[in-house]
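> What follows is the file input-v7.txt, containing compact mmCIF, C-alpha atoms and all ligand atoms:
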```
# COMPACT_ATOMS: atom_id res chain seq x y z
CA MET W 1 0.00 0.00 0.00
CA SER W 2 2.67 2.46 1.06
CA ARG W 3 4.81 1.44 -1.89
CA GLN W 4 1.82 2.09 -4.15
CA LEU W 5 1.36 5.51 -2.59
CA THR W 6 5.02 6.33 -3.08
CA ARG W 7 4.81 5.27 -6.70
CA GLY W 8 1.68 7.38 -7.15
CA ALA W 9 3.33 10.38 -5.54
CA LEU W 10 6.38 9.94 -7.75
CA ALA W 11 4.23 9.78 -10.88
CA ALA W 12 2.43 12.97 -9.82
CA PHE W 13 5.77 14.64 -9.19
CA VAL W 14 7.13 13.63 -12.62
CA LEU W 15 3.94 14.95 -14.27
CA ALA W 16 4.12 18.21 -12.33
CA ALA W 17 7.82 18.62 -13.14
CA GLN W 18 7.10 18.01 -16.83
CA PHE W 19 4.44 20.71 -16.91
CA ALA W 20 5.92 23.12 -14.37
CA VAL W 21 7.06 26.35 -15.94
CA PRO W 22 9.87 28.02 -13.99
CA PHE W 23 8.98 31.51 -12.81
CA ALA W 24 12.07 33.05 -14.45
CA GLN W 25 11.08 31.52 -17.81
CA ALA W 26 7.58 33.01 -17.54
CA GLN W 27 9.11 36.39 -16.72
CA GLY W 28 10.95 36.49 -20.08
CA PHE W 29 7.79 35.39 -21.93
CA PRO W 30 7.49 35.16 -24.88
CA THR W 31 10.84 33.94 -26.20
CA LYS W 32 9.22 32.10 -29.16
CA PRO W 33 5.97 32.42 -31.17
CA PRO W 34 2.80 31.54 -29.21
CA THR W 35 0.09 29.59 -31.07
CA MET W 36 -3.58 30.60 -31.06
CA LEU W 37 -5.93 27.68 -31.74
CA VAL W 38 -9.16 28.43 -33.63
CA PRO W 39 -12.04 25.94 -33.13
CA PHE W 40 -13.48 26.42 -36.66
CA ALA W 41 -12.37 26.27 -40.30
CA ALA W 42 -9.94 28.77 -41.86
CA GLY W 43 -11.53 31.72 -43.62
CA GLY W 44 -14.59 31.76 -41.31
CA PRO W 45 -15.74 34.38 -38.80
CA THR W 46 -13.77 33.15 -35.77
CA ASP W 47 -10.69 32.73 -37.94
CA THR W 48 -11.07 36.32 -39.18
CA VAL W 49 -11.26 37.70 -35.62
CA ALA W 50 -8.30 35.48 -34.65
CA ARG W 51 -6.09 36.76 -37.46
CA VAL W 52 -6.82 40.45 -36.83
CA THR W 53 -6.24 39.98 -33.09
CA ALA W 54 -3.12 37.82 -33.46
CA GLN W 55 -1.49 40.29 -35.82
CA ALA W 56 -2.05 43.19 -33.42
CA MET W 57 -0.91 41.16 -30.40
CA SER W 58 2.27 40.13 -32.23
CA LYS W 59 3.36 43.78 -32.29
CA ALA W 60 3.00 44.10 -28.52
CA LEU W 61 4.60 40.72 -27.75
CA GLY W 62 7.56 41.06 -30.11
CA GLN W 63 6.78 37.53 -31.36
CA THR W 64 4.45 36.39 -34.13
CA VAL W 65 1.26 34.87 -32.75
CA VAL W 66 0.68 31.90 -35.04
CA VAL W 67 -2.96 31.11 -35.88
CA GLU W 68 -3.77 27.40 -36.18
CA ASN W 69 -7.19 26.01 -37.10
CA ARG W 70 -8.51 22.92 -35.27
CA PRO W 71 -11.98 22.74 -36.83
CA SER W 72 -14.68 20.43 -35.57
CA ASN W 73 -18.49 20.41 -35.56
CA GLY W 74 -19.53 22.69 -32.72
CA GLY W 75 -15.92 23.77 -32.11
CA ILE W 76 -15.43 21.42 -29.16
CA LEU W 77 -12.01 19.93 -30.05
CA ALA W 78 -9.84 23.07 -29.82
CA PRO W 79 -10.79 23.88 -26.20
CA GLU W 80 -9.99 20.30 -25.24
CA ALA W 81 -6.60 20.53 -26.98
CA VAL W 82 -5.78 23.78 -25.17
CA LYS W 83 -6.93 22.36 -21.83
CA ASN W 84 -4.41 19.51 -22.33
CA ALA W 85 -1.56 21.69 -23.66
CA LYS W 86 1.49 22.62 -21.61
CA PRO W 87 0.46 25.61 -19.46
CA ASP W 88 3.32 27.87 -20.47
CA GLY W 89 1.49 30.62 -22.40
CA TYR W 90 2.61 29.32 -25.79
CA THR W 91 -0.72 27.64 -26.58
CA ILE W 92 -3.82 29.79 -26.28
CA LEU W 93 -7.42 29.51 -27.47
CA ILE W 94 -9.74 31.94 -29.16
CA HIS W 95 -13.40 31.02 -28.78
CA HIS W 96 -16.81 32.62 -28.93
CA ILE W 97 -20.11 32.27 -27.09
CA GLY W 98 -19.74 28.50 -27.56
CA MET W 99 -17.64 28.46 -24.36
CA ALA W 100 -20.86 29.35 -22.53
CA THR W 101 -23.39 27.31 -24.53
CA THR W 102 -21.57 23.97 -24.95
CA PRO W 103 -21.82 23.02 -21.22
CA ALA W 104 -25.62 22.91 -21.61
CA LEU W 105 -25.56 21.35 -25.10
CA TYR W 106 -23.11 18.50 -24.42
CA ARG W 107 -23.65 16.16 -21.48
CA GLN W 108 -20.21 14.62 -22.03
CA LEU W 109 -18.12 17.71 -22.68
CA ARG W 110 -14.42 16.97 -22.15
CA PHE W 111 -13.54 20.44 -20.84
CA ASN W 112 -15.00 22.77 -18.26
CA PRO W 113 -14.95 26.46 -19.24
CA LEU W 114 -15.12 27.43 -15.56
CA THR W 115 -12.27 25.32 -14.18
CA ASP W 116 -9.90 24.21 -16.99
CA PHE W 117 -8.64 27.59 -18.23
CA GLU W 118 -6.94 30.81 -17.28
CA TYR W 119 -8.75 33.77 -18.77
CA ILE W 120 -6.88 36.37 -20.83
CA GLY W 121 -9.65 38.77 -21.85
CA LEU W 122 -12.63 39.67 -24.01
CA ILE W 123 -12.01 40.69 -27.64
CA ASN W 124 -15.18 41.83 -29.42
CA ASP W 125 -18.91 41.55 -29.99
CA VAL W 126 -20.25 40.48 -33.39
CA PRO W 127 -23.88 40.54 -34.57
CA MET W 128 -25.28 37.91 -36.91
CA THR W 129 -27.24 38.04 -40.14
CA ILE W 130 -29.83 35.78 -41.72
CA ILE W 131 -28.64 35.15 -45.26
CA ALA W 132 -29.77 32.89 -48.08
CA ARG W 133 -28.45 31.68 -51.42
CA GLN W 134 -28.64 34.39 -54.04
CA ASN W 135 -31.53 32.83 -55.97
CA PHE W 136 -33.65 32.03 -52.91
CA PRO W 137 -37.28 32.72 -53.90
CA ALA W 138 -38.07 35.49 -51.37
CA LYS W 139 -37.40 39.19 -51.81
CA ASP W 140 -37.84 40.26 -48.17
CA PHE W 141 -38.15 38.86 -44.65
CA LYS W 142 -41.93 38.52 -44.89
CA GLU W 143 -41.70 36.39 -48.03
CA PHE W 144 -38.75 34.47 -46.55
CA LEU W 145 -40.81 33.52 -43.47
CA ALA W 146 -43.82 32.53 -45.55
CA TYR W 147 -41.64 30.40 -47.86
CA ILE W 148 -39.74 28.51 -45.16
CA LYS W 149 -42.90 27.84 -43.19
CA ALA W 150 -44.66 26.49 -46.28
CA ASN W 151 -41.60 24.42 -47.33
CA SER W 152 -40.18 23.39 -43.96
CA ALA W 153 -39.65 19.78 -45.05
CA LYS W 154 -37.26 20.75 -47.83
CA VAL W 155 -35.61 24.06 -46.83
CA THR W 156 -32.05 23.45 -45.61
CA TYR W 157 -30.31 25.52 -42.99
CA ALA W 158 -26.48 25.37 -42.67
CA ASN W 159 -24.61 25.70 -39.39
CA ALA W 160 -21.23 24.85 -37.89
CA GLY W 161 -22.54 22.08 -35.64
CA ILE W 162 -24.09 22.01 -32.18
CA GLY W 163 -22.34 24.58 -30.02
CA ALA W 164 -21.50 26.95 -32.87
CA ALA W 165 -22.89 30.48 -32.97
CA SER W 166 -24.72 29.65 -36.20
CA HIS W 167 -26.39 26.74 -34.42
CA LEU W 168 -27.44 28.89 -31.45
CA CYS W 169 -28.88 31.56 -33.72
CA GLY W 170 -30.71 29.00 -35.86
CA MET W 171 -32.09 27.23 -32.81
CA LEU W 172 -33.48 30.51 -31.42
CA PHE W 173 -34.77 31.49 -34.85
CA MET W 174 -36.62 28.20 -35.39
CA SER W 175 -38.14 28.51 -31.93
CA ALA W 176 -39.17 32.14 -32.57
CA ILE W 177 -40.93 31.22 -35.82
CA GLN W 178 -42.16 27.89 -34.40
CA THR W 179 -40.89 25.91 -37.36
CA ASP W 180 -38.38 23.03 -37.47
CA LEU W 181 -36.04 22.94 -40.44
CA LEU W 182 -33.44 20.52 -41.80
CA THR W 183 -29.98 21.48 -40.57
CA VAL W 184 -26.72 20.73 -42.39
CA PRO W 185 -23.68 20.87 -40.05
CA TYR W 186 -20.17 21.91 -41.18
CA LYS W 187 -16.84 22.38 -39.36
CA GLY W 188 -17.18 26.12 -39.60
CA THR W 189 -19.25 28.59 -41.53
CA ALA W 190 -16.47 29.12 -44.10
CA PRO W 191 -17.26 25.75 -45.78
CA ALA W 192 -20.98 26.37 -45.14
CA MET W 193 -20.69 29.71 -46.98
CA ASN W 194 -19.06 27.93 -49.95
CA ASP W 195 -22.08 25.64 -50.23
CA LEU W 196 -24.46 28.56 -49.81
CA LEU W 197 -22.68 30.42 -52.62
CA GLY W 198 -22.83 27.25 -54.70
CA GLY W 199 -26.56 26.97 -54.00
CA THR W 200 -26.48 23.53 -52.33
CA VAL W 201 -27.91 24.80 -49.00
CA ASP W 202 -30.62 27.42 -48.64
CA PHE W 203 -29.82 29.72 -45.73
CA MET W 204 -27.83 30.27 -42.56
CA CYS W 205 -27.42 32.65 -39.67
CA ASP W 206 -23.79 33.76 -39.52
CA GLN W 207 -21.60 36.48 -38.03
CA THR W 208 -21.19 39.74 -39.94
CA THR W 209 -17.42 39.08 -39.90
CA ASN W 210 -18.14 36.37 -42.48
CA THR W 211 -21.17 37.75 -44.30
CA THR W 212 -20.59 41.51 -44.78
CA SER W 213 -18.55 41.28 -47.99
CA GLN W 214 -20.87 38.64 -49.51
CA ILE W 215 -23.90 40.83 -48.69
CA LYS W 216 -22.26 43.98 -50.06
CA GLY W 217 -21.11 42.12 -53.17
CA GLY W 218 -24.69 40.89 -53.79
CA LYS W 219 -23.54 37.25 -53.62
CA VAL W 220 -26.16 36.32 -51.00
CA LYS W 221 -29.59 37.61 -49.98
CA VAL W 222 -29.89 39.13 -46.52
CA TYR W 223 -33.11 39.18 -44.50
CA GLY W 224 -32.10 40.80 -41.21
CA VAL W 225 -29.51 41.39 -38.48
CA THR W 226 -29.80 39.83 -35.03
CA SER W 227 -28.68 42.85 -32.99
CA ALA W 228 -31.02 45.14 -31.06
CA LYS W 229 -29.99 48.06 -33.29
CA ARG W 230 -28.97 48.17 -36.95
CA VAL W 231 -25.29 47.54 -37.74
CA GLY W 232 -23.14 50.50 -38.88
CA SER W 233 -21.55 48.56 -41.75
CA LEU W 234 -24.96 47.35 -43.07
CA PRO W 235 -27.24 50.34 -42.37
CA ASP W 236 -29.94 49.27 -44.85
CA VAL W 237 -30.48 45.85 -43.29
CA PRO W 238 -33.33 45.91 -40.74
CA THR W 239 -33.15 44.05 -37.43
CA LEU W 240 -35.30 40.96 -36.92
CA ASP W 241 -37.00 42.80 -34.06
CA GLU W 242 -38.01 45.61 -36.44
CA GLN W 243 -39.50 43.00 -38.76
CA GLY W 244 -41.76 41.44 -36.17
CA LEU W 245 -39.60 38.98 -34.20
CA LYS W 246 -39.89 41.11 -31.06
CA GLY W 247 -36.95 40.83 -28.66
CA PHE W 248 -34.92 38.56 -30.98
CA GLU W 249 -31.30 39.34 -30.20
CA VAL W 250 -28.14 37.21 -30.52
CA GLY W 251 -24.71 38.77 -30.07
CA ILE W 252 -21.54 36.72 -30.39
CA TRP W 253 -18.58 37.60 -28.18
CA HIS W 254 -15.01 36.32 -28.42
CA GLY W 255 -12.43 35.74 -25.70
CA LEU W 256 -8.89 34.39 -25.24
CA TYR W 257 -7.99 31.50 -22.92
CA ALA W 258 -4.88 29.60 -21.76
CA PRO W 259 -4.57 26.22 -20.03
CA LYS W 260 -5.16 26.20 -16.26
CA GLY W 261 -1.87 26.72 -14.42
CA THR W 262 -0.30 29.07 -16.99
CA PRO W 263 1.95 31.39 -14.95
CA LYS W 264 0.47 34.77 -14.10
CA ALA W 265 3.45 36.57 -15.65
CA ALA W 266 2.60 35.03 -19.05
CA ILE W 267 -1.15 35.69 -18.67
CA ASP W 268 -0.43 39.32 -17.76
CA LYS W 269 1.71 39.78 -20.88
CA LEU W 270 -0.88 38.17 -23.13
CA SER W 271 -3.65 40.27 -21.59
CA ALA W 272 -1.59 43.48 -21.94
CA ALA W 273 -1.01 42.59 -25.62
CA LEU W 274 -4.75 42.01 -26.08
CA GLN W 275 -5.48 45.37 -24.44
CA ASP W 276 -3.08 47.01 -26.92
CA ALA W 277 -4.87 45.19 -29.74
CA VAL W 278 -8.36 46.44 -28.77
CA ARG W 279 -6.95 49.98 -28.43
CA ASP W 280 -5.35 49.80 -31.89
CA PRO W 281 -7.23 52.07 -34.39
CA VAL W 282 -6.42 49.67 -37.26
CA VAL W 283 -8.06 46.80 -35.35
CA ASN W 284 -11.07 48.95 -34.46
CA GLN W 285 -11.53 50.03 -38.07
CA ARG W 286 -11.19 46.47 -39.38
CA PHE W 287 -13.75 45.21 -36.86
CA ALA W 288 -16.12 48.12 -37.62
CA ASP W 289 -15.91 47.40 -41.37
CA LEU W 290 -17.04 43.86 -40.56
CA GLY W 291 -19.85 44.98 -38.24
CA ALA W 292 -17.99 44.04 -35.04
CA THR W 293 -17.18 46.14 -31.96
CA ALA W 294 -13.97 45.74 -29.93
CA TYR W 295 -14.35 45.65 -26.15
CA PRO W 296 -12.70 48.52 -24.25
CA PRO W 297 -9.25 47.63 -22.77
CA GLU W 298 -10.65 47.22 -19.24
CA LYS W 299 -12.71 44.29 -20.56
CA ALA W 300 -9.71 42.68 -22.28
CA THR W 301 -8.71 41.35 -18.85
CA PRO W 302 -8.82 37.97 -17.06
CA ALA W 303 -11.36 39.23 -14.48
CA ALA W 304 -13.76 40.61 -17.10
CA LEU W 305 -13.67 37.44 -19.25
CA GLY W 306 -14.06 35.19 -16.18
CA ALA W 307 -17.13 37.12 -15.03
CA HIS W 308 -18.55 37.14 -18.57
CA VAL W 309 -18.17 33.38 -19.10
CA LYS W 310 -19.90 32.70 -15.76
CA ALA W 311 -22.75 35.12 -16.46
CA GLU W 312 -23.27 33.75 -19.99
CA ILE W 313 -23.33 30.12 -18.78
CA GLU W 314 -25.98 31.16 -16.26
CA LYS W 315 -27.90 33.00 -18.99
CA TRP W 316 -27.86 30.35 -21.73
CA GLY W 317 -28.02 27.14 -19.63
CA PRO W 318 -31.73 27.44 -18.77
CA ILE W 319 -32.68 28.65 -22.29
CA ILE W 320 -30.95 25.67 -23.91
CA LYS W 321 -32.29 23.15 -21.36
CA LYS W 322 -35.80 24.47 -21.99
CA ALA W 323 -35.29 24.04 -25.75
CA GLY W 324 -34.26 20.42 -25.04
CA VAL W 325 -31.37 20.38 -27.56
CA TYR W 326 -28.51 18.00 -26.87
CA ALA W 327 -25.52 17.09 -28.98
CA ASP W 328 -24.81 13.77 -27.29
N1 LIG P 1 -17.80 30.99 -35.75
C1 LIG P 1 -17.79 29.74 -36.47
C2 LIG P 1 -16.79 29.75 -37.57
O1 LIG P 1 -15.79 30.40 -37.43
C3 LIG P 1 -19.04 29.30 -36.91
C4 LIG P 1 -20.08 29.40 -35.89
O2 LIG P 1 -19.79 29.60 -34.72
O3 LIG P 1 -21.20 29.25 -36.28
O4 LIG P 1 -16.95 29.09 -38.56
```
Rewrite the structure from the file as structure tokens, please.
Ligand code: ASP


Amino acid sequence: MSRQLTRGALAAFVLAAQFAVPFAQAQGFPTKPPTMLVPFAAGGPTDTVARVTAQAMSKALGQTVVVENRPSNGGILAPEAVKNAKPDGYTILIHHIGMATTPALYRQLRFNPLTDFEYIGLINDVPMTIIARQNFPAKDFKEFLAYIKANSAKVTYANAGIGAASHLCGMLFMSAIQTDLLTVPYKGTAPAMNDLLGGTVDFMCDQTTNTTSQIKGGKVKVYGVTSAKRVGSLPDVPTLDEQGLKGFEVGIWHGLYAPKGTPKAAIDKLSAALQDAVRDPVVNQRFADLGATAYPPEKATPAALGAHVKAEIEKWGPIIKKAGVYAD
């Protein structure tokens, strides 16, 4: 028994020693490029926010922040990978509202957003848009609603899997219009957009960071924005609330995370770099062009993100449980 205990203690020590990051090393952080994992496909909305943020943070850190995509349906694999990465500040995660909705959607989630991560800070808020393939037979929201209700057995709605923002928006939309539709899941809304442009799926709800240029270029039809007020970059597109879906509002926020146990010195440097990024006029302009709004620097902090994740889990948990949607 005691020998077993000793062996167990030794194993724990070896594990701790393997993952321990000496204080002095964290002080000099970063001495090599950190990697930011993105839970969805390259070229999509989360990837876009990641690349703008990483580029601005690289300036402040004096090291290039490398963006790496780990796409999966619902975006649940990247958080798990970051949870299990060495907690040295060199592997970080960008994620959206999915960090707060997946705990209610997955009964067997292999990470806990409240206990498995150090928080770095909030990045931005992004509204969503309801868009359809260019030749969809409806010229406005009223016709769109009438058509999908009359053809609910054949209209297809694309999303990035259960836990994605596009899934959340679609779930709330279907409940608001009291109509179930056929969903087609992808590993991100970048591939979903390709199929929408190709006409093989009918519509989706996606972040303005992915849809603005397609809307402006006339490549897709747009039927509304999901924010409470109209979006500056798409001033002619009415809100869903304005068009009769009273109170319909979905806003997608992004944050940065590191594995639990990452030294405070590294977290502080990453957070300071994020604060510089959200202050950067180039970043603010780029986000504004895409309909997004950067958080003020005081929100790009561990405390603000921690409080936000907790509040959003408390907000969405009951809504999702009531809707009875589960991924597993
Ligand atoms: N944001 C995801 C993406 O980057 C999609 C989603 O959340 O719906 O593709």

> Can you list every residue of chain W that has an atom at most 7 Å from ligand LIG 1 (chain P), with its nearest atom pair and the distance in Å to one decimal, using only C-alpha atoms and all ligand atoms, ordered by chain then number, as JSON lines?


```
{"residue": "W:Phe40", "atom": "CA", "partner": "P:LIG1", "partner_atom": "O1", "distance": 4.7}
{"residue": "W:Ala41", "atom": "CA", "partner": "P:LIG1", "partner_atom": "O4", "distance": 5.7}
{"residue": "W:Gly44", "atom": "CA", "partner": "P:LIG1", "partner_atom": "O1", "distance": 4.3}
{"residue": "W:Pro45", "atom": "CA", "partner": "P:LIG1", "partner_atom": "O1", "distance": 4.2}
{"residue": "W:Thr46", "atom": "CA", "partner": "P:LIG1", "partner_atom": "O1", "distance": 3.8}
{"residue": "W:Asp47", "atom": "CA", "partner": "P:LIG1", "partner_atom": "O1", "distance": 5.6}
{"residue": "W:Asn159", "atom": "CA", "partner": "P:LIG1", "partner_atom": "O3", "distance": 5.8}
{"residue": "W:Ala160", "atom": "CA", "partner": "P:LIG1", "partner_atom": "O3", "distance": 4.7}
{"residue": "W:Ala164", "atom": "CA", "partner": "P:LIG1", "partner_atom": "O2", "distance": 3.7}
{"residue": "W:Ala165", "atom": "CA", "partner": "P:LIG1", "partner_atom": "O2", "distance": 3.7}
{"residue": "W:Ser166", "atom": "CA", "partner": "P:LIG1", "partner_atom": "O3", "distance": 3.5}
{"residue": "W:His167", "atom": "CA", "partner": "P:LIG1", "partner_atom": "O3", "distance": 6.1}
{"residue": "W:Lys187", "atom": "CA", "partner": "P:LIG1", "partner_atom": "O4", "distance": 6.8}
{"residue": "W:Gly188", "atom": "CA", "partner": "P:LIG1", "partner_atom": "O4", "distance": 3.2}
{"residue": "W:Thr189", "atom": "CA", "partner": "P:LIG1", "partner_atom": "O4", "distance": 3.8}
{"residue": "W:Ala190", "atom": "CA", "partner": "P:LIG1", "partner_atom": "O4", "distance": 5.6}
{"residue": "W:Asp206", "atom": "CA", "partner": "P:LIG1", "partner_atom": "O3", "distance": 6.1}
```

> In terms of the shortest atom-to-atom distance over all atoms listed in the file, which of W:Thr115, W:Gln285, W:Asn135, W:Gln178 is closest to W:Gly306?

W:Thr115

> Under the rule that only C-alpha atoms are counted, which of W:Thr129, W:Thr209, W:Asn194, W:Ser175 is the nearest residue to W:Val222?

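Checking each candidate against W:Val222, we get W:Thr129 as the closest.
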
> Would you mind telling me which residue in W:Gly224, W:Val201, W:Tyr295, W:Thr35 lies nearest to W:Lys86 when using only C-alpha atoms?

W:Thr35

> Counting all atoms listed in the file, figure out which residue out of W:Ile76, W:Ala176, W:Cys169, W:Leu182 gets nearest to W:Gly244.

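Closest candidate: W:Ala176.
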
> Find the distance between atom CA of W:Glu314 and atom CA of W:Leu37 and write it in Å to one decimal.

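Taking atom CA of W:Glu314 as the start and atom CA of W:Leu37 as the end point, the length is 25.6 Å.
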